[in-house]
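Data from input-v1.txt: compact mmCIF, C-alpha atoms and all ligand atoms
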# COMPACT_ATOMS: atom_id res chain seq x y z
CA MET P 291 4.67 -22.67 -12.11
CA ASN P 292 7.80 -20.75 -11.14
CA TYR P 293 7.43 -18.33 -8.22
CA SER P 294 10.99 -16.98 -8.21
CA PHE P 295 12.24 -13.77 -9.79
CA THR P 296 14.85 -13.92 -12.54
CA GLU P 297 18.35 -12.56 -11.85
CA GLU P 298 17.43 -9.48 -13.88
CA GLN P 299 14.22 -8.90 -11.90
CA LEU P 300 16.09 -9.22 -8.61
CA ALA P 301 18.69 -6.70 -9.78
CA ILE P 302 15.98 -4.28 -10.95
CA LYS P 303 14.10 -4.59 -7.65
CA GLN P 304 17.27 -3.85 -5.67
CA ASN P 305 18.30 -1.00 -7.92
CA PHE P 306 14.85 0.65 -7.75
CA ALA P 307 14.60 0.08 -3.99
CA ASN P 308 17.98 1.75 -3.39
CA PHE P 309 17.33 4.65 -5.74
CA CYS P 310 13.77 5.34 -4.59
CA GLN P 311 14.58 5.19 -0.88
CA LYS P 312 17.51 7.57 -1.40
CA GLU P 313 16.15 10.00 -4.00
CA ILE P 314 12.34 9.81 -3.99
CA ALA P 315 11.15 8.87 -0.47
CA PRO P 316 12.70 11.92 1.28
CA ARG P 317 10.84 14.20 -1.15
CA ALA P 318 7.43 12.56 -0.56
CA PRO P 319 6.47 14.43 2.65
CA ILE P 320 7.72 17.70 1.12
CA LEU P 321 5.58 17.16 -1.98
CA ASP P 322 2.60 16.26 0.21
CA ARG P 323 2.68 19.63 1.96
CA ALA P 324 3.90 21.85 -0.90
CA SER P 325 1.87 24.69 -2.40
CA GLU P 326 0.15 24.21 -5.77
CA GLU P 327 3.00 26.02 -7.52
CA GLU P 328 5.72 24.09 -5.67
CA VAL P 329 4.01 20.76 -6.43
CA ARG P 330 4.14 21.52 -10.16
CA LYS P 331 7.89 22.09 -9.96
CA LEU P 332 8.73 19.24 -7.56
CA ILE P 333 6.70 16.57 -9.34
CA LYS P 334 8.32 17.44 -12.67
CA GLU P 335 11.70 16.96 -10.97
CA ASN P 336 10.55 13.59 -9.59
CA ILE P 337 9.39 12.50 -13.05
CA LYS P 338 12.86 13.38 -14.39
CA LEU P 339 14.48 11.45 -11.53
CA LEU P 340 12.37 8.40 -12.33
CA ALA P 341 13.26 8.80 -16.01
CA SER P 342 16.94 8.75 -15.05
CA ILE P 343 16.64 5.16 -13.75
CA GLY P 344 14.59 4.08 -16.73
CA PHE P 345 11.17 3.82 -15.05
CA LEU P 346 9.38 5.73 -17.81
CA GLY P 347 10.91 3.62 -20.57
CA MET P 348 10.26 0.13 -19.20
CA ALA P 349 6.97 -0.11 -21.08
CA HIS P 350 8.33 1.24 -24.35
CA GLU P 351 10.26 -0.01 -27.32
CA GLU P 352 14.04 0.38 -27.66
CA GLU P 353 13.81 2.42 -30.87
CA TYR P 354 12.18 5.27 -28.89
CA GLY P 355 14.58 5.02 -25.94
CA GLY P 356 12.78 2.40 -23.85
CA THR P 357 13.85 -0.99 -22.50
CA ASN P 358 10.66 -2.91 -23.40
CA LEU P 359 10.50 -4.98 -20.21
CA ASP P 360 7.67 -7.36 -19.38
CA LEU P 361 4.73 -6.28 -17.23
CA ILE P 362 5.77 -8.30 -14.16
CA THR P 363 9.15 -6.56 -14.13
CA GLN P 364 7.37 -3.20 -14.53
CA SER P 365 5.23 -4.06 -11.47
CA ILE P 366 8.30 -5.08 -9.45
CA ALA P 367 9.91 -1.70 -10.13
CA GLY P 368 6.59 0.13 -9.73
CA GLU P 369 6.04 -1.24 -6.24
CA GLU P 370 9.33 0.32 -5.13
CA VAL P 371 8.40 3.67 -6.68
CA ALA P 372 4.93 3.68 -5.10
CA LYS P 373 6.33 2.58 -1.74
CA ALA P 374 8.61 5.62 -1.77
CA CYS P 375 6.06 8.12 -3.10
CA ALA P 376 2.62 7.16 -4.40
CA SER P 377 2.10 10.61 -5.97
CA SER P 378 5.25 10.21 -8.05
CA PHE P 379 4.07 6.84 -9.34
CA LEU P 380 0.65 8.28 -10.21
CA SER P 381 2.01 11.22 -12.19
CA ALA P 382 4.76 9.22 -13.89
CA GLY P 383 2.26 6.44 -14.64
CA ALA P 384 -0.28 8.83 -16.16
CA SER P 385 2.44 10.10 -18.48
CA TYR P 386 4.32 6.97 -19.64
CA GLY P 387 1.31 4.65 -19.16
CA LEU P 388 -2.13 6.22 -19.57
CA PHE P 389 -0.76 8.56 -22.26
CA GLY P 390 2.21 6.53 -23.47
CA PHE P 391 0.66 3.03 -23.77
CA PRO P 392 -2.06 4.03 -26.23
CA VAL P 393 0.48 5.97 -28.29
CA ARG P 394 2.67 2.85 -28.35
CA LEU P 395 -0.23 0.52 -29.15
CA PHE P 396 -2.31 2.58 -31.57
CA GLY P 397 -0.20 5.54 -32.73
CA THR P 398 1.32 6.06 -36.16
CA LYS P 399 5.10 5.96 -36.54
CA GLU P 400 5.14 9.77 -36.74
CA GLN P 401 3.14 10.08 -33.52
CA LYS P 402 5.43 7.65 -31.71
CA GLU P 403 8.53 9.48 -32.96
CA LYS P 404 7.06 12.81 -31.93
CA TYR P 405 6.03 11.93 -28.37
CA LEU P 406 7.58 8.74 -27.01
CA PRO P 407 11.27 9.77 -26.73
CA GLY P 408 10.22 12.84 -24.72
CA ILE P 409 7.78 10.86 -22.56
CA ILE P 410 10.54 8.32 -21.78
CA SER P 411 13.12 11.00 -20.93
CA GLY P 412 10.60 12.96 -18.85
CA ASP P 413 10.98 16.03 -21.09
CA ILE P 414 7.36 15.67 -22.25
CA ILE P 415 4.56 15.01 -19.75
CA GLY P 416 1.35 13.40 -20.93
CA ALA P 417 -2.18 13.14 -19.51
CA PHE P 418 -5.21 10.95 -20.26
CA CYS P 419 -8.52 12.80 -20.55
CA LEU P 420 -11.60 10.60 -20.40
CA THR P 421 -13.56 11.62 -17.27
CA GLU P 422 -15.98 14.55 -17.43
CA PRO P 423 -18.04 16.31 -14.77
CA GLU P 424 -21.06 14.13 -15.62
CA ALA P 425 -19.28 11.04 -16.93
CA GLY P 426 -16.94 9.02 -14.72
CA SER P 427 -17.91 5.38 -14.26
CA ASP P 428 -20.34 5.84 -17.16
CA ALA P 429 -17.58 6.83 -19.58
CA ALA P 430 -19.85 6.43 -22.62
CA ALA P 431 -21.81 9.45 -21.35
CA ILE P 432 -19.00 11.91 -22.23
CA LYS P 433 -20.23 15.06 -23.92
CA THR P 434 -17.00 16.28 -25.50
CA THR P 435 -17.31 16.42 -29.27
CA ALA P 436 -14.96 16.76 -32.21
CA VAL P 437 -16.49 18.05 -35.43
CA LYS P 438 -14.81 17.80 -38.82
CA ASP P 439 -13.97 21.19 -40.36
CA GLY P 440 -12.26 20.70 -43.73
CA ALA P 441 -8.90 19.06 -42.98
CA SER P 442 -9.21 19.85 -39.25
CA TRP P 443 -11.25 18.83 -36.22
CA ILE P 444 -12.79 21.25 -33.71
CA ILE P 445 -12.96 19.90 -30.14
CA ASN P 446 -15.33 21.26 -27.49
CA GLY P 447 -15.82 19.94 -23.97
CA THR P 448 -14.63 19.79 -20.36
CA LYS P 449 -12.57 17.02 -18.81
CA THR P 450 -12.17 16.70 -15.06
CA PHE P 451 -10.02 14.95 -12.43
CA ILE P 452 -7.16 14.82 -14.92
CA THR P 453 -3.89 13.59 -13.39
CA ASN P 454 -1.09 15.88 -14.62
CA GLY P 455 -3.71 18.30 -15.99
CA PRO P 456 -1.75 21.28 -14.58
CA ILE P 457 1.67 20.14 -15.84
CA ALA P 458 1.07 18.16 -19.02
CA ASP P 459 2.50 19.18 -22.37
CA VAL P 460 0.10 16.95 -24.29
CA TYR P 461 -3.35 15.50 -23.60
CA LEU P 462 -4.97 12.36 -25.00
CA VAL P 463 -8.59 13.44 -25.34
CA MET P 464 -11.57 11.17 -25.94
CA ALA P 465 -14.38 12.91 -27.87
CA TYR P 466 -17.48 11.87 -29.79
CA THR P 467 -16.97 12.25 -33.53
CA ASP P 468 -20.24 10.45 -34.32
CA LYS P 469 -22.69 10.26 -31.45
CA SER P 470 -25.17 8.19 -33.49
CA ALA P 471 -22.57 5.40 -33.86
CA GLY P 472 -22.43 4.91 -30.06
CA PRO P 473 -19.23 4.75 -28.00
CA ALA P 474 -17.68 1.67 -29.64
CA ALA P 475 -17.56 3.31 -33.07
CA GLY P 476 -18.32 6.97 -32.40
CA VAL P 477 -15.54 8.10 -30.04
CA THR P 478 -12.12 9.19 -31.31
CA ALA P 479 -8.93 9.83 -29.33
CA PHE P 480 -6.99 13.02 -30.14
CA LEU P 481 -3.47 14.08 -29.20
CA VAL P 482 -3.86 17.72 -28.20
CA GLU P 483 -0.92 19.90 -27.25
CA ARG P 484 -1.16 22.27 -24.35
CA ASN P 485 0.03 25.26 -26.39
CA ASN P 486 -3.02 24.95 -28.64
CA PRO P 487 -4.98 28.22 -28.10
CA GLY P 488 -8.19 26.22 -27.57
CA VAL P 489 -6.81 24.50 -24.45
CA LYS P 490 -7.31 25.94 -20.95
CA VAL P 491 -6.20 24.29 -17.73
CA GLY P 492 -8.00 24.70 -14.40
CA LYS P 493 -6.54 25.23 -10.94
CA SER P 494 -5.18 22.15 -9.17
CA PHE P 495 -7.84 20.44 -7.04
CA ASP P 496 -7.27 20.52 -3.27
CA LYS P 497 -7.24 16.76 -2.65
CA CYS P 498 -7.37 14.52 0.44
CA GLY P 499 -4.37 12.45 -0.64
CA PHE P 500 -1.95 12.15 -3.57
CA ARG P 501 -1.33 15.82 -2.94
CA GLY P 502 1.97 15.62 -4.79
CA SER P 503 0.29 14.61 -8.04
CA PRO P 504 -1.54 17.60 -9.51
CA THR P 505 -5.10 17.04 -10.78
CA SER P 506 -7.30 19.54 -12.61
CA GLU P 507 -9.99 20.23 -15.14
CA VAL P 508 -8.95 20.72 -18.77
CA PHE P 509 -11.18 22.77 -21.07
CA PHE P 510 -11.36 22.50 -24.85
CA ASP P 511 -12.95 25.55 -26.40
CA ASP P 512 -13.15 25.47 -30.22
CA CYS P 513 -9.83 23.69 -30.05
CA LYS P 514 -8.63 23.14 -33.61
CA VAL P 515 -6.39 20.15 -34.40
CA THR P 516 -5.28 18.55 -37.65
CA GLN P 517 -6.00 15.03 -38.86
CA ASN P 518 -2.49 14.09 -37.58
CA ALA P 519 -3.82 14.52 -34.04
CA VAL P 520 -6.13 11.51 -34.41
CA LEU P 521 -4.66 8.55 -32.50
CA GLY P 522 -4.76 5.62 -34.89
CA GLU P 523 -8.17 5.58 -36.53
CA VAL P 524 -11.30 7.70 -36.26
CA GLY P 525 -14.00 5.94 -34.21
CA LYS P 526 -11.64 3.70 -32.23
CA GLY P 527 -11.11 5.97 -29.21
CA PHE P 528 -13.44 4.27 -26.73
CA ILE P 529 -11.95 0.82 -27.34
CA GLN P 530 -8.45 2.30 -27.13
CA ALA P 531 -9.36 3.95 -23.82
CA MET P 532 -10.82 0.74 -22.37
CA GLN P 533 -7.74 -1.24 -23.40
CA THR P 534 -5.52 1.41 -21.84
CA LEU P 535 -7.48 1.18 -18.59
CA GLU P 536 -6.72 -2.55 -18.36
CA PHE P 537 -3.03 -1.64 -18.11
CA GLY P 538 -4.00 1.25 -15.86
CA ARG P 539 -5.77 -1.09 -13.44
CA ILE P 540 -2.62 -3.15 -13.01
CA GLY P 541 -0.81 0.15 -12.43
CA MET P 542 -3.31 1.35 -9.82
CA ALA P 543 -3.12 -2.06 -8.09
CA THR P 544 0.65 -1.63 -8.00
CA VAL P 545 0.32 1.82 -6.39
CA ALA P 546 -1.95 0.25 -3.76
CA LEU P 547 0.61 -2.53 -3.22
CA GLY P 548 3.42 -0.02 -2.72
CA ILE P 549 1.31 1.87 -0.16
CA ALA P 550 0.42 -1.39 1.63
CA GLN P 551 4.04 -2.56 1.76
CA ALA P 552 5.15 0.83 3.12
CA CYS P 553 2.43 0.62 5.82
CA LEU P 554 3.53 -2.89 6.78
CA GLU P 555 7.18 -1.90 7.09
CA GLU P 556 6.42 1.31 9.03
CA ALA P 557 4.03 -0.45 11.42
CA ASN P 558 6.33 -3.42 11.98
CA LYS P 559 9.25 -1.12 12.84
CA TYR P 560 7.15 1.03 15.16
CA ALA P 561 5.56 -1.95 16.92
CA LYS P 562 9.05 -3.25 17.73
CA GLU P 563 10.15 0.07 19.26
CA ARG P 564 7.01 1.37 20.99
CA LYS P 565 6.52 0.11 24.52
CA ALA P 566 3.34 -0.10 26.58
CA PHE P 567 2.75 -1.91 29.86
CA GLY P 568 6.48 -2.59 30.02
CA LYS P 569 6.92 -4.41 26.70
CA PRO P 570 7.11 -3.72 22.98
CA ILE P 571 3.59 -3.47 21.58
CA ASN P 572 4.32 -6.19 18.99
CA ARG P 573 4.20 -8.65 21.92
CA PHE P 574 0.47 -7.98 22.23
CA GLN P 575 -1.46 -10.47 20.14
CA GLU P 576 -3.91 -7.76 18.97
CA VAL P 577 -0.99 -5.89 17.39
CA SER P 578 0.92 -8.87 15.99
CA PHE P 579 -2.25 -10.31 14.43
CA LYS P 580 -2.80 -7.00 12.65
CA LEU P 581 0.73 -7.28 11.25
CA ALA P 582 -0.02 -10.85 10.15
CA ASP P 583 -3.21 -9.78 8.35
CA MET P 584 -1.39 -6.86 6.74
CA MET P 585 1.30 -9.19 5.42
CA ILE P 586 -1.16 -11.73 4.02
CA MET P 587 -3.23 -9.07 2.26
CA THR P 588 -0.10 -7.46 0.81
CA ASP P 589 1.16 -10.81 -0.46
CA ILE P 590 -2.16 -11.74 -2.05
CA SER P 591 -2.27 -8.33 -3.76
CA ARG P 592 1.21 -8.91 -5.14
CA LEU P 593 0.30 -12.37 -6.46
CA LEU P 594 -2.89 -11.09 -8.10
CA ILE P 595 -0.91 -8.28 -9.74
CA TYR P 596 1.71 -10.69 -11.11
CA ARG P 597 -1.03 -13.00 -12.42
CA ALA P 598 -2.76 -10.10 -14.19
CA ALA P 599 0.55 -8.78 -15.54
CA TYR P 600 1.55 -12.20 -16.86
CA ALA P 601 -1.87 -12.80 -18.43
CA LYS P 602 -1.81 -9.41 -20.13
CA GLN P 603 1.73 -10.03 -21.35
CA ILE P 604 0.84 -13.34 -23.07
CA GLY P 605 -2.54 -12.12 -24.38
CA ASP P 606 -4.64 -14.41 -22.16
CA PRO P 607 -8.36 -13.66 -22.73
CA GLU P 608 -8.83 -13.68 -18.92
CA ALA P 609 -6.31 -10.81 -18.53
CA SER P 610 -8.99 -8.15 -18.27
CA VAL P 611 -10.86 -9.84 -15.41
CA TYR P 612 -7.55 -10.65 -13.67
CA ALA P 613 -6.64 -6.96 -13.86
CA SER P 614 -9.99 -6.08 -12.23
CA CYS P 615 -9.41 -8.70 -9.48
CA ALA P 616 -5.94 -7.31 -8.75
CA LYS P 617 -7.14 -3.71 -8.76
CA LEU P 618 -10.15 -4.43 -6.55
CA PHE P 619 -8.33 -6.56 -3.97
CA ALA P 620 -5.12 -4.52 -3.79
CA SER P 621 -6.94 -1.19 -3.44
CA GLU P 622 -9.47 -2.32 -0.82
CA SER P 623 -6.64 -4.08 1.06
CA ALA P 624 -4.46 -0.96 0.97
CA THR P 625 -7.23 1.07 2.62
CA GLN P 626 -7.62 -1.54 5.36
CA ILE P 627 -3.87 -2.00 5.79
CA ALA P 628 -3.31 1.76 6.05
CA SER P 629 -6.07 1.95 8.66
CA MET P 630 -4.43 -0.87 10.66
CA ALA P 631 -1.05 0.89 10.39
CA VAL P 632 -2.51 4.12 11.81
CA GLN P 633 -4.11 2.07 14.60
CA ILE P 634 -0.77 0.47 15.49
CA PHE P 635 0.79 3.94 15.71
CA GLY P 636 -2.00 5.05 18.07
CA GLY P 637 -2.20 8.85 18.44
CA TYR P 638 1.09 9.35 16.60
CA GLY P 639 -0.41 7.72 13.52
CA TYR P 640 -2.89 10.59 13.32
CA MET P 641 -0.10 13.17 13.24
CA LYS P 642 1.28 14.58 10.02
CA ASP P 643 4.85 13.96 11.18
CA TYR P 644 4.32 10.23 10.63
CA THR P 645 4.39 8.62 7.19
CA VAL P 646 1.39 6.38 7.88
CA GLU P 647 -0.85 9.45 8.09
CA ARG P 648 -0.05 10.29 4.44
CA LEU P 649 -0.32 6.66 3.37
CA TYR P 650 -3.78 6.48 4.97
CA ARG P 651 -4.96 9.48 2.91
CA ASP P 652 -3.30 8.22 -0.25
CA ALA P 653 -4.71 4.69 -0.06
CA LYS P 654 -8.36 5.66 -0.57
CA LEU P 655 -7.89 6.96 -4.12
CA CYS P 656 -6.88 3.49 -5.30
CA GLU P 657 -10.49 2.35 -4.76
CA ILE P 658 -11.77 5.19 -6.98
CA GLY P 659 -9.34 5.89 -9.85
CA GLU P 660 -9.14 3.66 -12.96
CA GLY P 661 -12.67 2.40 -12.27
CA THR P 662 -14.20 2.24 -8.79
CA SER P 663 -14.43 -0.93 -6.69
CA GLU P 664 -18.11 -1.18 -7.64
CA ILE P 665 -17.26 -1.12 -11.34
CA GLN P 666 -14.55 -3.79 -10.84
CA ARG P 667 -17.10 -6.02 -9.05
CA ILE P 668 -19.55 -5.53 -11.93
CA LEU P 669 -16.88 -6.56 -14.46
CA ILE P 670 -15.79 -9.59 -12.39
CA ALA P 671 -19.40 -10.66 -11.78
CA LYS P 672 -20.21 -10.37 -15.51
CA SER P 673 -17.29 -12.63 -16.31
CA ILE P 674 -18.34 -15.24 -13.72
CA LEU P 675 -21.95 -15.18 -14.87
CA ALA P 676 -20.90 -15.64 -18.50
CA LYS P 677 -18.51 -18.47 -17.61
CA TYR P 678 -21.07 -20.46 -15.63
CA ALA P 679 -24.07 -19.60 -17.82
CA LYS P 680 -23.93 -22.93 -19.67
C1 LIG P 701 -7.18 11.96 -7.98
C2 LIG P 701 -7.89 11.48 -9.20
C3 LIG P 701 -7.18 11.32 -10.39
C4 LIG P 701 -7.86 10.92 -11.54
N1 LIG P 701 -7.16 10.86 -12.74
C5 LIG P 701 -7.86 10.68 -13.89
C6 LIG P 701 -7.21 10.80 -15.17
O1 LIG P 701 -5.98 11.03 -15.26
N2 LIG P 701 -7.96 10.70 -16.30
C7 LIG P 701 -9.29 10.45 -16.26
O2 LIG P 701 -9.91 10.37 -17.31
N3 LIG P 701 -9.95 10.31 -15.06
C8 LIG P 701 -9.26 10.43 -13.88
N4 LIG P 701 -9.90 10.31 -12.68
C9 LIG P 701 -11.34 10.05 -12.66
C10 LIG P 701 -11.72 8.67 -12.11
O3 LIG P 701 -11.41 7.67 -13.02
C11 LIG P 701 -13.21 8.75 -11.74
O4 LIG P 701 -13.31 9.57 -10.59
C12 LIG P 701 -13.81 7.39 -11.47
O5 LIG P 701 -13.87 6.63 -12.64
C13 LIG P 701 -15.22 7.51 -10.87
O6 LIG P 701 -16.01 8.40 -11.59
P1 LIG P 701 -16.83 9.55 -10.84
O7 LIG P 701 -15.88 10.24 -9.94
O8 LIG P 701 -17.54 10.36 -11.83
O9 LIG P 701 -17.85 8.78 -9.93
P2 LIG P 701 -19.30 8.22 -10.36
O10 LIG P 701 -19.18 7.49 -11.63
O11 LIG P 701 -20.28 9.35 -10.30
O12 LIG P 701 -19.60 7.21 -9.21
C14 LIG P 701 -20.08 7.61 -7.92
C15 LIG P 701 -20.39 6.35 -7.11
O13 LIG P 701 -21.40 5.59 -7.79
C16 LIG P 701 -20.95 4.28 -8.03
N5 LIG P 701 -21.48 3.79 -9.30
C17 LIG P 701 -21.49 4.41 -10.51
N6 LIG P 701 -22.06 3.63 -11.44
C18 LIG P 701 -22.41 2.47 -10.81
C19 LIG P 701 -23.03 1.26 -11.23
N7 LIG P 701 -23.37 1.04 -12.51
N8 LIG P 701 -23.25 0.31 -10.30
C20 LIG P 701 -22.87 0.48 -9.00
N9 LIG P 701 -22.28 1.60 -8.56
C21 LIG P 701 -22.05 2.58 -9.45
C22 LIG P 701 -19.43 4.40 -8.12
O14 LIG P 701 -18.79 3.15 -7.91
C23 LIG P 701 -19.18 5.41 -7.01
O15 LIG P 701 -19.16 4.76 -5.78
C24 LIG P 701 -9.25 10.63 -11.50
C25 LIG P 701 -9.94 10.76 -10.27
C26 LIG P 701 -9.28 11.17 -9.14
C27 LIG P 701 -10.07 11.32 -7.87

So that I can check it, write out the structure of this file as structure tokens.
Amino acid sequence: MNYSFTEEQLAIKQNFANFCQKEIAPRAPILDRASEEEVRKLIKENIKLLASIGFLGMAHEEEYGGTNLDLITQSIAGEEVAKACASSFLSAGASYGLFGFPVRLFGTKEQKEKYLPGIISGDIIGAFCLTEPEAGSDAAAIKTTAVKDGASWIINGTKTFITNGPIADVYLVMAYTDKSAGPAAGVTAFLVERNNPGVKVGKSFDKCGFRGSPTSEVFFDDCKVTQNAVLGEVGKGFIQAMQTLEFGRIGMATVALGIAQACLEEANKYAKERKAFGKPINRFQEVSFKLADMMIMTDISRLLIYRAAYAKQIGDPEASVYASCAKLFASESATQIASMAVQIFGGYGYMKDYTVERLYRDAKLCEIGEGTSEIQRILIAKSILAKYAK
């Protein structure tokens, strides 16, 4: 087993670290406090900035403008993006990943040619629409339907908590086309453009964290699309969505890792400078042990992410459970690490002028999005039970 990065990975890490600290990190607190309207403008600019260093194309093929890099390299770059601004990672990731991956994996050549170059350049923003007001963890309970009408389909339903809902140009929408066939054969994914008269977008939600990444409801009201809007094949949408979420879990784990690493660096720096009882607070064992725990948890998260990324890359059948392990551990660790960082900052950590305050609010989402911690534990437990059943 080789634990070292390649020359290329080292160069990418350095390049992303330099760019993100210079161009993205200074915008993160501004985004966090911006109005709904300003957020829409600023996050689109950040997506374009990330496109300019190739972040949106790493997961995509050269013929559409991508660089087709492996998943570990994507995670290395992603950590630097998330460390600088978790909201920017989330919105960029929803576009090139949650929307872009399924188009890459299941789309027709025409669909890839239509959407992927724009997704990679940041000129088109995508969103992934699975969750509904009464169907989150229980994704099979979605009520959105698509009914065949001659050569077209008519979509009706409401999607909620959609990352990029307010700014997306195109939505990937999961809808039942045959309820009696159940989710595995009865759900179809549709590529629906925002300018379709049947699409309405709700107001941005007023969130606790990730305030720079706009989230909203998206309504489909007798929304008429052609057969060309079907992603891949009719009836495959649920499986496509679940496969997409496996990549998404590695992505969400990477966001959590970036938040954790930022907390560790902020807290370490502060603990060196802040004095109490005549000495720097990092000389107190209670503080230095927190830093030690933060480092170990961050490192384990990183290793679990690389294992999941590698397994997914080579098609290992364990990849799915590894992705759940990485997502679960990295997200729960990020929440704890952010809490420890705030504690090390004392009263200042509770003030909006300090980065750890934002990181603390951002961290919690990682335990909820892309499948909650409870759902990850269920998936991991199922895999263990099956493995040791004999
Ligand atoms: C900021 C944000 C961005 C998001 N972006 C997107 C997006 O782009 N696209 C998209 O489709 N969705 C998105 N989501 C939705 C997200 O994936 C869901 O919120 C998540 O899957 C949980 O669903 P829910 O909120 O309906 O909670 P519920 O499913 O109602 O769960 C509530 C609680 O019950 C627990 N629970 C549920 N079922 C079980 C069970 N079987 N066993 C044990 N516990 C259980 C859950 O773990 C949780 O603690 C986003 C959410 C947020 C907050």

Query raised in the report: Could you state the separation of atom CA of Tyr461 of chain P and atom O9 of ligand LIG 701 (chain P) in Å, given to one decimal place?
Result: 21.0 Å

Would you mind listing, for every residue of chain P within 8 Å of ligand LIG 701 (chain P), the two atoms forming the shortest contact and the distance between them in Å to one decimal, using only C-alpha atoms and all ligand atoms, sorted by chain and ascending residue number, as CSV?
residue,atom,partner,partner_atom,distance
P:Ala384,CA,P:LIG701,O1,6.2
P:Leu388,CA,P:LIG701,O1,7.5
P:Ala417,CA,P:LIG701,O1,6.1
P:Phe418,CA,P:LIG701,N2,4.8
P:Cys419,CA,P:LIG701,O2,4.3
P:Leu420,CA,P:LIG701,O2,3.5
P:Thr421,CA,P:LIG701,O2,3.9
P:Glu422,CA,P:LIG701,O8,7.2
P:Pro423,CA,P:LIG701,O8,6.7
P:Glu424,CA,P:LIG701,O8,6.4
P:Ala425,CA,P:LIG701,O8,5.4
P:Gly426,CA,P:LIG701,O8,3.2
P:Ser427,CA,P:LIG701,O10,3.6
P:Asp428,CA,P:LIG701,O10,5.9
P:Ala429,CA,P:LIG701,O5,7.9
P:Lys449,CA,P:LIG701,O2,7.3
P:Thr450,CA,P:LIG701,N3,6.8
P:Phe451,CA,P:LIG701,C24,4.5
P:Ile452,CA,P:LIG701,O1,4.0
P:Thr453,CA,P:LIG701,O1,3.8
P:Asn454,CA,P:LIG701,O1,6.9
P:Gly455,CA,P:LIG701,O1,7.7
P:Lys497,CA,P:LIG701,C1,7.2
P:Gly499,CA,P:LIG701,C1,7.9
P:Phe500,CA,P:LIG701,C1,6.8
P:Ser503,CA,P:LIG701,C1,7.9
P:Thr505,CA,P:LIG701,C3,6.1
P:Leu655,CA,P:LIG701,C27,6.2
P:Ile658,CA,P:LIG701,C12,5.4
P:Gly659,CA,P:LIG701,O3,4.2
P:Glu660,CA,P:LIG701,O3,4.6
P:Gly661,CA,P:LIG701,O5,4.4
P:Thr662,CA,P:LIG701,O14,4.8
P:Ser663,CA,P:LIG701,O14,6.1
P:Glu664,CA,P:LIG701,O14,4.4
P:Ile665,CA,P:LIG701,O14,5.7
P:Ile668,CA,P:LIG701,N8,7.1

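Closest to Cys375 of chain P among P:Ser629, P:Asn358, P:Thr534, P:Thr645 is P:Thr645, based on all atoms listed in the file.
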
Spatial sel., origin (-3.0, 12.7, 1.1), limit 6 Å, only C-alpha atoms, listed as a PDB file with C-alpha atoms, in the coordinates of the input:
ATOM      1  CA  CYS P 498      -7.370  14.520   0.440  1.00  0.00           C
ATOM      2  CA  GLY P 499      -4.370  12.450  -0.640  1.00  0.00           C
ATOM      3  CA  PHE P 500      -1.950  12.150  -3.570  1.00  0.00           C
ATOM      4  CA  ARG P 501      -1.330  15.820  -2.940  1.00  0.00           C
ATOM      5  CA  ARG P 648      -0.050  10.290   4.440  1.00  0.00           C
ATOM      6  CA  ARG P 651      -4.960   9.480   2.910  1.00  0.00           C
ATOM      7  CA  ASP P 652      -3.300   8.220  -0.250  1.00  0.00           C
TER       8      ASP P 652
END

Need to verify the contact set: Gln311 of chain P, 9 Å, all atoms listed in the file, exclusion of same-chain residues closer than 3 positions in sequence. Can you return it as a compact mmCIF listing (two decimals) with C-alpha atoms, in the coordinates of the input?
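What ended up in around-v3.txt:
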# COMPACT_ATOMS: atom_id res chain seq x y z
CA PHE P 306 14.85 0.65 -7.75
CA ALA P 307 14.60 0.08 -3.99
CA ASN P 308 17.98 1.75 -3.39
CA ILE P 314 12.34 9.81 -3.99
CA ALA P 315 11.15 8.87 -0.47
CA PRO P 316 12.70 11.92 1.28
CA GLU P 370 9.33 0.32 -5.13
CA VAL P 371 8.40 3.67 -6.68
CA LYS P 373 6.33 2.58 -1.74
CA ALA P 374 8.61 5.62 -1.77

Query raised in the report: Could you name the residues that touch segment 597-612 of chain P at 7 Å or less, counting all atoms listed in the file, but leaving out those on the same chain fewer than 2 positions away, as a ChimeraX atom specification?
Result: /P:360-362,536,540,593-595,614-616,669-670

Shell around segment 506-523 of chain P at 7 Å using only C-alpha atoms, local window under 6 positions removed, as a compact mmCIF listing (two decimals) with C-alpha atoms, keeping the file's coordinate frame:
# COMPACT_ATOMS: atom_id res chain seq x y z
CA PHE P 396 -2.31 2.58 -31.57
CA GLY P 397 -0.20 5.54 -32.73
CA THR P 398 1.32 6.06 -36.16
CA ALA P 441 -8.90 19.06 -42.98
CA SER P 442 -9.21 19.85 -39.25
CA TRP P 443 -11.25 18.83 -36.22
CA ILE P 444 -12.79 21.25 -33.71
CA ILE P 445 -12.96 19.90 -30.14
CA ASN P 446 -15.33 21.26 -27.49
CA GLY P 447 -15.82 19.94 -23.97
CA THR P 448 -14.63 19.79 -20.36
CA LYS P 449 -12.57 17.02 -18.81
CA THR P 450 -12.17 16.70 -15.06
CA PHE P 451 -10.02 14.95 -12.43
CA ILE P 452 -7.16 14.82 -14.92
CA THR P 453 -3.89 13.59 -13.39
CA GLY P 455 -3.71 18.30 -15.99
CA PRO P 456 -1.75 21.28 -14.58
CA ALA P 479 -8.93 9.83 -29.33
CA PHE P 480 -6.99 13.02 -30.14
CA LEU P 481 -3.47 14.08 -29.20
CA VAL P 482 -3.86 17.72 -28.20
CA PRO P 487 -4.98 28.22 -28.10
CA GLY P 488 -8.19 26.22 -27.57
CA VAL P 489 -6.81 24.50 -24.45
CA LYS P 490 -7.31 25.94 -20.95
CA VAL P 491 -6.20 24.29 -17.73
CA GLY P 492 -8.00 24.70 -14.40
CA LYS P 493 -6.54 25.23 -10.94
CA SER P 494 -5.18 22.15 -9.17
CA PHE P 495 -7.84 20.44 -7.04
